file run31.cif (mmCIF, C-alpha atoms)
data_start
loop_
_atom_site.label_atom_id
_atom_site.label_comp_id
_atom_site.auth_asym_id
_atom_site.auth_seq_id
_atom_site.Cartn_x
_atom_site.Cartn_y
_atom_site.Cartn_z
CA MET A 1 41.72 16.27 -84.76
CA ALA A 2 38.58 14.17 -84.83
CA GLN A 3 35.76 14.97 -82.45
CA ASP A 4 33.85 12.17 -80.79
CA ILE A 5 30.34 13.09 -81.95
CA ARG A 6 27.65 11.12 -80.18
CA MET A 7 23.88 10.81 -80.41
CA VAL A 8 21.24 9.92 -77.88
CA THR A 9 17.53 9.51 -78.55
CA ALA A 10 14.71 9.47 -76.02
CA THR A 11 10.94 9.61 -75.87
CA ILE A 12 9.33 11.75 -73.23
CA SER A 13 5.66 11.49 -72.38
CA VAL A 14 3.58 14.56 -71.61
CA GLN A 15 0.18 14.28 -69.93
CA MET A 16 -1.99 17.11 -71.18
CA ALA A 17 -5.49 18.40 -70.50
CA GLN A 18 -8.08 19.34 -73.11
CA GLY A 19 -6.69 21.92 -75.51
CA PRO A 20 -5.44 24.42 -75.62
CA ASP A 21 -3.24 23.15 -72.80
CA ILE A 22 0.36 24.31 -72.41
CA VAL A 23 2.84 22.22 -70.41
CA ASP A 24 6.41 23.11 -69.45
CA ILE A 25 8.66 20.24 -70.61
CA THR A 26 11.98 21.93 -69.82
CA ARG A 27 12.72 19.68 -66.86
CA LYS A 28 12.04 16.53 -68.87
CA LEU A 29 14.39 17.70 -71.61
CA ARG A 30 17.00 18.54 -68.97
CA ASP A 31 16.68 15.00 -67.62
CA VAL A 32 17.30 13.62 -71.11
CA LEU A 33 20.41 15.79 -71.36
CA GLY A 34 21.63 14.61 -67.98
CA ASP A 35 21.26 10.99 -69.00
CA ALA A 36 22.81 11.60 -72.41
CA GLY A 37 26.05 13.04 -71.12
CA ILE A 38 26.24 15.34 -74.12
CA THR A 39 27.43 18.77 -73.05
CA GLU A 40 27.68 20.74 -76.32
CA GLY A 41 25.49 20.26 -79.35
CA ASP A 42 21.92 20.35 -80.58
CA LEU A 43 18.69 18.96 -79.16
CA SER A 44 15.80 18.42 -81.55
CA ALA A 45 12.34 17.73 -80.20
CA THR A 46 9.25 16.80 -82.20
CA THR A 47 5.74 16.21 -80.97
CA VAL A 48 4.19 12.97 -82.21
CA GLY A 49 0.64 13.48 -83.46
CA SER A 50 -0.99 16.14 -85.61
CA THR A 51 -2.78 18.10 -82.88
CA GLY A 52 0.27 19.00 -80.78
CA SER A 53 2.98 21.62 -81.13
CA LEU A 54 6.19 22.85 -79.50
CA THR A 55 7.57 26.32 -78.83
CA THR A 56 9.23 28.36 -76.07
CA ILE A 57 7.65 30.91 -73.72
CA GLU A 58 8.22 32.55 -70.39
CA PHE A 59 6.22 29.99 -68.46
CA GLU A 60 4.11 32.13 -66.13
CA PRO A 61 0.29 32.01 -65.86
CA GLY A 62 -0.27 35.26 -67.75
CA VAL A 63 1.67 34.30 -70.88
CA VAL A 64 0.11 30.82 -70.79
CA GLU A 65 -3.37 32.36 -70.79
CA ASP A 66 -2.44 34.91 -73.48
CA LEU A 67 -1.01 32.24 -75.78
CA LYS A 68 -4.10 30.06 -75.39
CA ALA A 69 -6.24 33.05 -76.37
CA ALA A 70 -4.00 33.77 -79.37
CA VAL A 71 -4.14 30.23 -80.80
CA ASN A 72 -7.91 30.31 -80.41
CA ARG A 73 -7.98 33.57 -82.36
CA MET A 74 -5.89 32.03 -85.16
CA ALA A 75 -8.20 29.04 -85.52
CA PRO A 76 -11.31 29.52 -83.37
CA PRO A 77 -13.09 26.39 -82.09
CA GLY A 78 -16.43 27.80 -83.25
CA LEU A 79 -15.67 28.13 -86.98
CA ALA A 80 -16.93 25.73 -89.63
CA TYR A 81 -14.11 23.31 -90.52
CA ALA A 82 -14.08 20.98 -93.51
CA HIS A 83 -12.40 18.36 -91.32
CA GLU A 84 -15.59 18.28 -89.24
CA GLN A 85 -17.83 17.50 -92.17
CA ALA A 86 -16.08 14.18 -92.69
CA TRP A 87 -15.01 13.27 -89.17
CA GLN A 88 -17.35 15.05 -86.72
CA ASP A 89 -14.79 14.71 -83.95
CA GLY A 90 -14.93 18.39 -83.05
CA ASN A 91 -11.23 19.10 -83.46
CA GLY A 92 -10.94 20.85 -86.82
CA HIS A 93 -9.46 23.90 -85.10
CA SER A 94 -6.93 21.69 -83.26
CA HIS A 95 -5.38 20.46 -86.50
CA VAL A 96 -5.05 23.98 -87.88
CA GLN A 97 -3.58 25.46 -84.69
CA ALA A 98 -0.97 22.72 -84.43
CA ALA A 99 0.08 23.05 -88.07
CA LEU A 100 0.52 26.82 -87.76
CA ILE A 101 2.77 26.65 -84.69
CA GLY A 102 4.64 23.59 -85.87
CA PRO A 103 5.65 20.24 -84.41
CA SER A 104 9.38 20.69 -83.87
CA ILE A 105 12.04 22.80 -82.23
CA SER A 106 15.85 22.88 -82.23
CA LEU A 107 17.62 23.88 -79.04
CA PRO A 108 21.25 24.56 -78.21
CA VAL A 109 23.02 22.36 -75.69
CA ARG A 110 25.68 24.37 -73.87
CA ASN A 111 27.70 23.41 -70.79
CA GLY A 112 25.51 20.35 -70.33
CA ALA A 113 22.29 22.38 -70.19
CA LEU A 114 19.79 23.93 -72.59
CA GLY A 115 21.26 27.20 -73.82
CA LEU A 116 18.09 29.24 -73.38
CA GLY A 117 17.18 32.41 -71.51
CA THR A 118 16.45 32.36 -67.79
CA TRP A 119 12.79 33.16 -68.47
CA GLN A 120 12.47 30.94 -71.52
CA GLN A 121 10.92 27.53 -71.08
CA VAL A 122 10.15 24.82 -73.63
CA VAL A 123 6.46 24.00 -73.85
CA ALA A 124 4.34 21.34 -75.48
CA ILE A 125 0.86 22.43 -76.50
CA ASN A 126 -2.12 20.13 -76.81
CA HIS A 127 -4.60 21.59 -79.26
CA ASP A 128 -6.91 18.58 -79.28
CA ASN A 129 -10.38 18.81 -77.77
CA ARG A 130 -9.68 16.00 -75.31
CA PRO A 131 -6.90 15.15 -72.89
CA ARG A 132 -3.89 13.50 -74.51
CA ASN A 133 -0.79 11.72 -73.34
CA ARG A 134 1.61 13.02 -75.95
CA PRO A 135 4.95 11.49 -76.84
CA VAL A 136 7.72 13.91 -77.74
CA GLU A 137 10.70 12.44 -79.56
CA VAL A 138 14.06 13.92 -78.58
CA THR A 139 17.37 13.59 -80.43
CA VAL A 140 20.58 14.99 -78.95
CA ILE A 141 23.71 15.17 -81.10
CA GLY A 142 26.99 16.59 -79.88
CA VAL A 143 30.06 15.97 -77.79
CA GLY A 144 30.26 14.86 -74.20
CA ALA A 145 32.54 15.49 -71.28
CA ALA A 146 34.64 12.45 -72.08
CA SER A 147 35.53 13.76 -75.51
CA GLU A 148 36.58 17.30 -74.62
CA MET B 1 33.80 4.12 -94.70
CA ALA B 2 33.51 6.39 -91.69
CA GLN B 3 32.75 10.06 -92.22
CA ASP B 4 34.53 12.64 -90.11
CA ILE B 5 31.48 14.36 -88.64
CA ARG B 6 32.34 17.59 -86.85
CA MET B 7 30.47 20.16 -84.80
CA VAL B 8 31.06 23.84 -84.22
CA THR B 9 29.05 26.09 -81.91
CA ALA B 10 28.95 29.88 -81.86
CA THR B 11 26.99 32.71 -80.34
CA ILE B 12 26.12 35.66 -82.51
CA SER B 13 24.85 38.91 -81.09
CA VAL B 14 22.11 40.89 -82.81
CA GLN B 15 21.43 44.52 -81.92
CA MET B 16 17.74 45.18 -82.40
CA ALA B 17 15.42 48.18 -82.11
CA GLN B 18 12.08 48.25 -80.33
CA GLY B 19 9.80 45.52 -81.69
CA PRO B 20 8.67 44.49 -84.05
CA ASP B 21 12.16 44.86 -85.50
CA ILE B 22 13.45 42.49 -88.18
CA VAL B 23 17.19 42.10 -88.75
CA ASP B 24 18.96 40.14 -91.49
CA ILE B 25 21.44 37.75 -89.82
CA THR B 26 22.44 35.87 -92.94
CA ARG B 27 25.91 37.40 -93.10
CA LYS B 28 26.61 36.59 -89.47
CA LEU B 29 25.59 32.97 -90.03
CA ARG B 30 27.77 32.88 -93.13
CA ASP B 31 30.70 34.09 -91.05
CA VAL B 32 30.09 31.28 -88.56
CA LEU B 33 30.12 28.81 -91.43
CA GLY B 34 33.35 30.25 -92.80
CA ASP B 35 35.04 29.90 -89.43
CA ALA B 36 33.62 26.41 -88.89
CA GLY B 37 35.02 24.93 -92.05
CA ILE B 38 31.98 22.69 -92.36
CA THR B 39 30.88 22.49 -95.98
CA GLU B 40 27.94 20.03 -95.90
CA GLY B 41 25.52 19.55 -93.06
CA ASP B 42 22.97 21.27 -90.89
CA LEU B 43 22.98 24.63 -89.12
CA SER B 44 20.58 25.10 -86.23
CA ALA B 45 19.96 28.56 -84.82
CA THR B 46 17.93 29.44 -81.74
CA THR B 47 17.15 32.85 -80.34
CA VAL B 48 17.88 33.19 -76.63
CA GLY B 49 15.03 34.90 -74.77
CA SER B 50 11.27 34.57 -74.94
CA THR B 51 10.46 37.70 -76.94
CA GLY B 52 12.55 36.91 -80.02
CA SER B 53 12.01 34.64 -83.02
CA LEU B 54 13.71 33.41 -86.20
CA THR B 55 12.44 32.79 -89.72
CA THR B 56 13.39 33.45 -93.36
CA ILE B 57 12.10 36.15 -95.70
CA GLU B 58 13.06 38.00 -98.83
CA PHE B 59 14.76 40.84 -96.99
CA GLU B 60 13.46 43.91 -98.78
CA PRO B 61 11.72 46.89 -97.11
CA GLY B 62 8.24 45.94 -98.32
CA VAL B 63 8.24 42.40 -96.92
CA VAL B 64 9.81 43.66 -93.70
CA GLU B 65 6.97 46.16 -93.26
CA ASP B 66 4.33 43.57 -94.22
CA LEU B 67 5.64 41.02 -91.75
CA LYS B 68 5.71 43.57 -88.95
CA ALA B 69 2.07 44.39 -89.69
CA ALA B 70 1.16 40.70 -89.73
CA VAL B 71 2.71 39.87 -86.36
CA ASN B 72 0.90 42.88 -84.90
CA ARG B 73 -2.36 41.53 -86.31
CA MET B 74 -1.71 38.11 -84.72
CA ALA B 75 -1.09 39.62 -81.27
CA PRO B 76 -1.90 43.33 -81.31
CA PRO B 77 -0.02 45.56 -78.84
CA GLY B 78 -3.32 47.17 -77.79
CA LEU B 79 -5.13 44.05 -76.51
CA ALA B 80 -5.57 43.20 -72.84
CA TYR B 81 -2.95 40.60 -71.88
CA ALA B 82 -2.94 38.56 -68.68
CA HIS B 83 0.85 38.89 -68.59
CA GLU B 84 0.35 42.62 -68.13
CA GLN B 85 -1.83 42.26 -65.09
CA ALA B 86 1.02 40.69 -63.16
CA TRP B 87 4.05 42.37 -64.72
CA GLN B 88 2.95 45.71 -66.22
CA ASP B 89 5.97 45.75 -68.51
CA GLY B 90 3.89 46.41 -71.61
CA ASN B 91 5.12 43.42 -73.60
CA GLY B 92 2.30 40.87 -73.34
CA HIS B 93 1.93 40.94 -77.12
CA SER B 94 5.69 40.39 -77.53
CA HIS B 95 5.61 37.07 -75.71
CA VAL B 96 2.69 35.80 -77.77
CA GLN B 97 4.14 36.90 -81.12
CA ALA B 98 7.48 35.24 -80.40
CA ALA B 99 5.87 31.97 -79.30
CA LEU B 100 3.72 31.78 -82.44
CA ILE B 101 6.62 32.26 -84.86
CA GLY B 102 9.03 30.15 -82.85
CA PRO B 103 12.58 30.49 -81.57
CA SER B 104 14.49 28.13 -83.85
CA ILE B 105 15.32 27.27 -87.42
CA SER B 106 17.25 24.51 -89.21
CA LEU B 107 19.17 25.41 -92.34
CA PRO B 108 21.03 23.32 -94.90
CA VAL B 109 24.77 23.79 -95.33
CA ARG B 110 25.75 23.09 -98.92
CA ASN B 111 29.09 23.76 -100.66
CA GLY B 112 30.24 25.72 -97.65
CA ALA B 113 27.29 28.12 -97.75
CA LEU B 114 23.68 28.25 -96.57
CA GLY B 115 21.60 26.28 -99.06
CA LEU B 116 18.82 28.86 -99.34
CA GLY B 117 17.20 30.73 -102.21
CA THR B 118 18.82 33.81 -103.69
CA TRP B 119 16.04 36.00 -102.30
CA GLN B 120 15.74 34.17 -98.99
CA GLN B 121 17.47 35.68 -95.99
CA VAL B 122 17.54 34.52 -92.36
CA VAL B 123 16.06 37.06 -89.99
CA ALA B 124 15.89 37.54 -86.25
CA ILE B 125 12.81 39.34 -84.98
CA ASN B 126 12.67 41.35 -81.79
CA HIS B 127 9.08 41.45 -80.51
CA ASP B 128 9.92 43.16 -77.23
CA ASN B 129 8.77 46.74 -76.61
CA ARG B 130 12.32 47.96 -76.06
CA PRO B 131 15.63 47.62 -77.90
CA ARG B 132 17.42 44.35 -77.22
CA ASN B 133 20.84 42.92 -77.88
CA ARG B 134 19.80 39.36 -78.60
CA PRO B 135 22.11 36.36 -78.54
CA VAL B 136 21.44 33.69 -81.14
CA GLU B 137 23.00 30.30 -80.49
CA VAL B 138 24.28 28.51 -83.58
CA THR B 139 25.22 24.83 -83.91
CA VAL B 140 26.72 23.48 -87.13
CA ILE B 141 27.08 19.73 -87.60
CA GLY B 142 28.49 18.15 -90.75
CA VAL B 143 31.59 17.38 -92.72
CA GLY B 144 34.36 19.72 -93.77
CA ALA B 145 36.69 20.06 -96.69
CA ALA B 146 39.38 18.07 -94.97
CA SER B 147 37.16 15.06 -94.59
CA GLU B 148 35.82 14.77 -98.12
CA MET C 1 32.54 3.32 -77.16
CA ALA C 2 32.45 5.53 -80.23
CA GLN C 3 29.34 5.64 -82.36
CA ASP C 4 29.64 5.75 -86.12
CA ILE C 5 27.67 8.93 -86.77
CA ARG C 6 26.90 9.46 -90.43
CA MET C 7 25.28 12.18 -92.50
CA VAL C 8 23.41 12.08 -95.79
CA THR C 9 22.08 15.08 -97.70
CA ALA C 10 19.52 15.10 -100.47
CA THR C 11 17.40 17.52 -102.45
CA ILE C 12 13.82 16.60 -103.16
CA SER C 13 11.73 18.44 -105.70
CA VAL C 14 8.08 19.22 -105.08
CA GLN C 15 5.75 20.25 -107.89
CA MET C 16 3.15 22.60 -106.48
CA ALA C 17 0.08 24.41 -107.79
CA GLN C 18 -0.75 28.08 -107.22
CA GLY C 19 -0.82 28.85 -103.50
CA PRO C 20 -1.95 28.07 -101.07
CA ASP C 21 -1.17 24.52 -102.18
CA ILE C 22 -0.33 21.80 -99.68
CA VAL C 23 1.57 18.68 -100.79
CA ASP C 24 2.34 15.56 -98.78
CA ILE C 25 6.12 14.96 -98.96
CA THR C 26 6.25 12.11 -96.45
CA ARG C 27 6.93 9.44 -99.06
CA LYS C 28 9.78 11.46 -100.58
CA LEU C 29 11.39 11.89 -97.18
CA ARG C 30 10.93 8.16 -96.54
CA ASP C 31 12.73 7.44 -99.80
CA VAL C 32 15.63 9.64 -98.69
CA LEU C 33 15.78 7.70 -95.44
CA GLY C 34 15.74 4.40 -97.27
CA ASP C 35 18.64 5.48 -99.45
CA ALA C 36 20.54 6.95 -96.50
CA GLY C 37 20.59 3.78 -94.45
CA ILE C 38 20.37 5.83 -91.28
CA THR C 39 18.01 4.16 -88.84
CA GLU C 40 18.20 6.38 -85.74
CA GLY C 41 18.77 10.12 -85.72
CA ASP C 42 17.42 13.43 -86.91
CA LEU C 43 16.11 14.56 -90.28
CA SER C 44 16.08 18.30 -90.98
CA ALA C 45 14.18 19.64 -93.97
CA THR C 46 14.17 23.21 -95.25
CA THR C 47 12.20 24.68 -98.12
CA VAL C 48 14.33 26.69 -100.55
CA GLY C 49 12.69 30.00 -101.45
CA SER C 50 10.88 32.63 -99.43
CA THR C 51 7.30 31.77 -100.39
CA GLY C 52 7.27 28.16 -99.20
CA SER C 53 6.92 26.55 -95.79
CA LEU C 54 6.96 23.15 -94.05
CA THR C 55 4.85 21.67 -91.27
CA THR C 56 2.98 18.46 -90.36
CA ILE C 57 -0.75 17.74 -90.62
CA GLU C 58 -3.17 14.85 -90.86
CA PHE C 59 -3.21 14.82 -94.64
CA GLU C 60 -6.90 14.48 -95.46
CA PRO C 61 -8.90 16.83 -97.70
CA GLY C 62 -10.71 18.56 -94.84
CA VAL C 63 -7.60 19.58 -92.90
CA VAL C 64 -5.91 20.64 -96.15
CA GLU C 65 -8.84 22.94 -96.94
CA ASP C 66 -8.98 24.27 -93.36
CA LEU C 67 -5.27 25.05 -93.28
CA LYS C 68 -5.47 26.88 -96.61
CA ALA C 69 -8.30 28.99 -95.20
CA ALA C 70 -6.31 29.70 -92.03
CA VAL C 71 -3.17 30.91 -93.80
CA ASN C 72 -5.35 33.16 -95.94
CA ARG C 73 -6.89 34.59 -92.78
CA MET C 74 -3.41 35.29 -91.33
CA ALA C 75 -2.27 37.16 -94.44
CA PRO C 76 -5.20 37.66 -96.82
CA PRO C 77 -4.43 37.94 -100.53
CA GLY C 78 -6.64 41.04 -100.77
CA LEU C 79 -4.82 43.28 -98.28
CA ALA C 80 -2.53 46.14 -99.27
CA TYR C 81 1.09 44.94 -98.99
CA ALA C 82 4.14 47.17 -99.09
CA HIS C 83 5.93 44.47 -101.09
CA GLU C 84 3.40 45.07 -103.87
CA GLN C 85 4.13 48.77 -104.13
CA ALA C 86 7.68 48.04 -105.22
CA TRP C 87 7.30 44.73 -107.04
CA GLN C 88 3.70 44.43 -108.26
CA ASP C 89 4.01 40.66 -108.52
CA GLY C 90 0.85 40.04 -106.53
CA ASN C 91 2.45 37.84 -103.88
CA GLY C 92 2.84 40.11 -100.85
CA HIS C 93 0.61 37.79 -98.83
CA SER C 94 2.70 34.78 -99.93
CA HIS C 95 5.87 36.15 -98.33
CA VAL C 96 4.10 36.89 -95.05
CA GLN C 97 2.34 33.51 -94.85
CA ALA C 98 5.57 31.61 -95.48
CA ALA C 99 7.52 33.59 -92.89
CA LEU C 100 4.87 33.00 -90.22
CA ILE C 101 4.76 29.22 -90.67
CA GLY C 102 8.50 28.90 -91.19
CA PRO C 103 10.80 27.20 -93.69
CA SER C 104 12.15 24.28 -91.67
CA ILE C 105 11.27 21.24 -89.63
CA SER C 106 13.17 18.68 -87.56
CA LEU C 107 11.92 15.11 -87.53
CA PRO C 108 12.93 12.04 -85.55
CA VAL C 109 14.31 9.01 -87.38
CA ARG C 110 13.40 5.85 -85.50
CA ASN C 111 13.75 2.22 -86.64
CA GLY C 112 14.63 3.41 -90.11
CA ALA C 113 11.43 5.44 -90.49
CA LEU C 114 10.09 8.87 -89.56
CA GLY C 115 9.03 8.73 -85.91
CA LEU C 116 5.72 10.49 -86.42
CA GLY C 117 2.09 9.67 -85.66
CA THR C 118 0.07 7.40 -87.94
CA TRP C 119 -2.10 10.34 -88.98
CA GLN C 120 0.73 12.86 -89.15
CA GLN C 121 2.21 13.65 -92.54
CA VAL C 122 4.92 16.10 -93.53
CA VAL C 123 3.71 18.77 -95.94
CA ALA C 124 5.28 21.45 -98.07
CA ILE C 125 3.15 24.52 -98.66
CA ASN C 126 3.41 26.78 -101.67
CA HIS C 127 2.18 30.25 -100.76
CA ASP C 128 3.18 31.87 -104.04
CA ASN C 129 0.52 33.06 -106.47
CA ARG C 130 1.83 30.84 -109.25
CA PRO C 131 2.80 27.17 -109.58
CA ARG C 132 6.28 26.40 -108.30
CA ASN C 133 8.67 23.48 -108.48
CA ARG C 134 10.15 23.81 -105.00
CA PRO C 135 13.39 22.23 -103.85
CA VAL C 136 13.45 20.99 -100.26
CA GLU C 137 16.89 20.37 -98.79
CA VAL C 138 17.12 17.35 -96.49
CA THR C 139 19.89 16.51 -94.03
CA VAL C 140 19.88 13.23 -92.11
CA ILE C 141 22.33 12.72 -89.26
CA GLY C 142 22.47 9.58 -87.16
CA VAL C 143 23.55 5.98 -87.01
CA GLY C 144 22.85 3.20 -89.46
CA ALA C 145 22.32 -0.51 -89.37
CA ALA C 146 25.98 -1.21 -90.00
CA SER C 147 27.06 0.66 -86.90
CA GLU C 148 24.63 -0.81 -84.37
#
call {"tool": "encode", "arguments": {"input": "run31.cif", "output": "structure tokens"}}
result
Amino acid sequence: MAQDIRMVTATISVQMAQGPDIVDITRKLRDVLGDAGITEGDLSATTVGSTGSLTTIEFEPGVVEDLKAAVNRMAPPGLAYAHEQAWQDGNGHSHVQAALIGPSISLPVRNGALGLGTWQQVVAINHDNRPRNRPVEVTVIGVGAASE
Amino acid sequence: MAQDIRMVTATISVQMAQGPDIVDITRKLRDVLGDAGITEGDLSATTVGSTGSLTTIEFEPGVVEDLKAAVNRMAPPGLAYAHEQAWQDGNGHSHVQAALIGPSISLPVRNGALGLGTWQQVVAINHDNRPRNRPVEVTVIGVGAASE
Amino acid sequence: MAQDIRMVTATISVQMAQGPDIVDITRKLRDVLGDAGITEGDLSATTVGSTGSLTTIEFEPGVVEDLKAAVNRMAPPGLAYAHEQAWQDGNGHSHVQAALIGPSISLPVRNGALGLGTWQQVVAINHDNRPRNRPVEVTVIGVGAASE
């Protein structure tokens, strides 16, 4: 019996402060799901731009602060970066941090919602040394209520 | 000519010791694939909960030990964590480690199996400071034998 | 109204120098997209083998050098690795580096191209201590021109 597999794409926009800044985008992804009408499947999200990243955390002030400290340990703003020698834009560490965490995430869609833990939120991170309005591309593939 | 794209979802459960604990889930994913009957496509897996992560390694005792040491270097259990000041549950490092590695993975399905290297296994990592029974949500999208 | 969801799989081959080596695979992924005829959807890529990884960066010599330095800080070649005690192949650090960055990535397909930033390229990293010809498995799922 054939399933009616559907796909919906969307772009969400995330206003972010100077990095490292960590913003909860769970509600925006939930809104995409609500509009998509896909109840079971997979949601892929990818940050556009090479100084942003995506992951999940328990979004409470302590973890946010701890994660900022950790990314700054992995690629400290104060180090000498080869990127700086050519570009002098002060964000050599931003590029490295973003590459290490990675630009994309795959999330389960279950019962019309993100199938994550209660204390697990999806976050976008701005690693750049200036505020950024970051697009995040979202692709949802799965089946909807009408096809079940 | 239309393809018969199908989707199967599953939840696997992974019993894990106090973190960092690294468990090979390749066989469980293979079982999902066998039940799904999807022979070519993509398998997405996401750990549910903010102190778990997924990646691939050569699953042999040496690499397992080395990776545990590395995640403890990235976010050492002994540091002062802001999460601790509010929650005192002793797992500030767990949240950071899990966020840095990331909760999800995308794997190729080829010839009815995971299209990975011979010495490349899929692992779930528990970073929490207590044993956990972690759900991992799995979504397989692709084509099956019947549709080829 | 049913969408005509299609899937195309491909294997690209990436010749890489001794690690850490970072190679831009954006053009190869673009070629896969061109052949696939899928204009909107999701592209998943996974490196085959446990000493490779995938991420995105601004591919310019400075960032490439900075990222190499960062992965060698995360898992330095000179440390004592348990993997070495059993295997003596000199690549204990390679396994750890690859596991931390991760083997897979999910990318948006938009207007027949990768929906990334202008200065955001997809890179494969070889962490192994010898040159490798690495396969990367690619799965594209979405809709094509014919179905819009």
call {"tool": "resolve_selection", "arguments": {"input": "run31.cif", "expression": "the PyMOL selection byres ((chain B and resi 141) around 8)", "output": "list of chain:residue names"}}
result
B:Ile5, B:Arg6, B:Met7, B:Val8, B:Ile38, B:Gly41, B:Asp42, B:Leu43, B:Thr139, B:Val140, B:Gly142, B:Val143
call {"tool": "resolve_selection", "arguments": {"input": "run31.cif", "expression": "the PyMOL selection byres ((chain B and resi 52) around 12)", "output": "JSON, numbers by chain"}}
result
{"A": [55, 56, 57, 58, 116, 117, 120], "B": [14, 15, 16, 17, 18, 19, 20, 21, 22, 23, 46, 47, 48, 49, 50, 51, 53, 54, 55, 91, 93, 94, 95, 96, 97, 98, 99, 100, 101, 102, 103, 104, 123, 124, 125, 126, 127, 128, 129, 130, 131, 132, 133, 134, 135, 136]}
call {"tool": "resolve_selection", "arguments": {"input": "run31.cif", "expression": "the PyMOL selection byres ((chain B and resi 74) around 8)", "output": "tab-separated table (two decimals) with C-alpha atoms, keeping the file's coordinate frame"}}
result
chain	number	residue	atom	x	y	z
A	70	ALA	CA	-4.00	33.77	-79.37
A	74	MET	CA	-5.89	32.03	-85.16
B	70	ALA	CA	1.16	40.70	-89.73
B	71	VAL	CA	2.71	39.87	-86.36
B	72	ASN	CA	0.90	42.88	-84.90
B	73	ARG	CA	-2.36	41.53	-86.31
B	75	ALA	CA	-1.09	39.62	-81.27
B	76	PRO	CA	-1.90	43.33	-81.31
B	97	GLN	CA	4.14	36.90	-81.12
C	74	MET	CA	-3.41	35.29	-91.33
call {"tool": "residues_around", "arguments": {"input": "run31.cif", "residues": "Val138 in chain B", "least_positions_apart": "4", "cutoff": "6 Å", "atoms": "all atoms listed in the file", "output": "mmCIF file with C-alpha atoms, keeping the file's coordinate frame"}}
result
data_model
loop_
_atom_site.group_PDB
_atom_site.id
_atom_site.type_symbol
_atom_site.label_atom_id
_atom_site.label_comp_id
_atom_site.auth_asym_id
_atom_site.auth_seq_id
_atom_site.Cartn_x
_atom_site.Cartn_y
_atom_site.Cartn_z
ATOM 1 C CA THR B 9 29.050 26.090 -81.910
ATOM 2 C CA ALA B 10 28.950 29.880 -81.860
ATOM 3 C CA THR B 11 26.990 32.710 -80.340
ATOM 4 C CA SER B 44 20.580 25.100 -86.230
ATOM 5 C CA ALA B 45 19.960 28.560 -84.820
#
call {"tool": "closest_residue", "arguments": {"input": "run31.cif", "among": "A:Ala69, A:Glu137, A:Gln88, A:Lys28", "to": "Val109 in chain C", "atoms": "only C-alpha atoms"}}
result
A:Glu137
call {"tool": "closest_residue", "arguments": {"input": "run31.cif", "among": "B:Pro108, B:Gly92, B:Gly78, B:Gly62", "to": "chain A", "atoms": "all atoms listed in the file"}}
result
B:Gly92
call {"tool": "atom_distance", "arguments": {"input": "run31.cif", "atom1": "CA of Val122 in chain B", "atom2": "CA of Thr26 in chain B"}}
result
5.1 Å
call {"tool": "closest_residue", "arguments": {"input": "run31.cif", "among": "C:Ala2, C:Ile105, C:Leu79, C:Ile25", "to": "chain B", "atoms": "all atoms listed in the file"}}
result
C:Ile105
call {"tool": "closest_residue", "arguments": {"input": "run31.cif", "among": "C:Ile12, C:Asp24, C:Gly115, C:Ala80", "to": "chain A", "atoms": "only C-alpha atoms"}}
result
C:Gly115
call {"tool": "atom_distance", "arguments": {"input": "run31.cif", "atom1": "CA of Phe59 in chain A", "atom2": "CA of Gly90 in chain B"}}
result
16.9 Å
call {"tool": "atom_distance", "arguments": {"input": "run31.cif", "atom1": "CA of Ser13 in chain C", "atom2": "CA of Lys68 in chain C"}}
result
21.2 Å
call {"tool": "residues_around", "arguments": {"input": "run31.cif", "residues": "range 34-37 of chain A", "least_positions_apart": "3", "cutoff": "8 Å", "atoms": "only C-alpha atoms", "output": "CSV table (one decimal) with C-alpha atoms, keeping the file's coordinate frame"}}
result
chain,number,residue,atom,x,y,z
A,8,VAL,CA,21.2,9.9,-77.9
A,30,ARG,CA,17.0,18.5,-69.0
A,31,ASP,CA,16.7,15.0,-67.6
A,112,GLY,CA,25.5,20.4,-70.3
A,140,VAL,CA,20.6,15.0,-79.0
A,144,GLY,CA,30.3,14.9,-74.2
A,145,ALA,CA,32.5,15.5,-71.3
call {"tool": "closest_residue", "arguments": {"input": "run31.cif", "among": "C:Leu114, C:Ala82, C:Leu29, C:Asp66", "to": "chain A", "atoms": "only C-alpha atoms"}}
result
C:Asp66
call {"tool": "closest_residue", "arguments": {"input": "run31.cif", "among": "C:Leu33, C:Tyr81, C:Ala86, C:Thr118", "to": "chain A", "atoms": "all atoms listed in the file"}}
result
C:Thr118
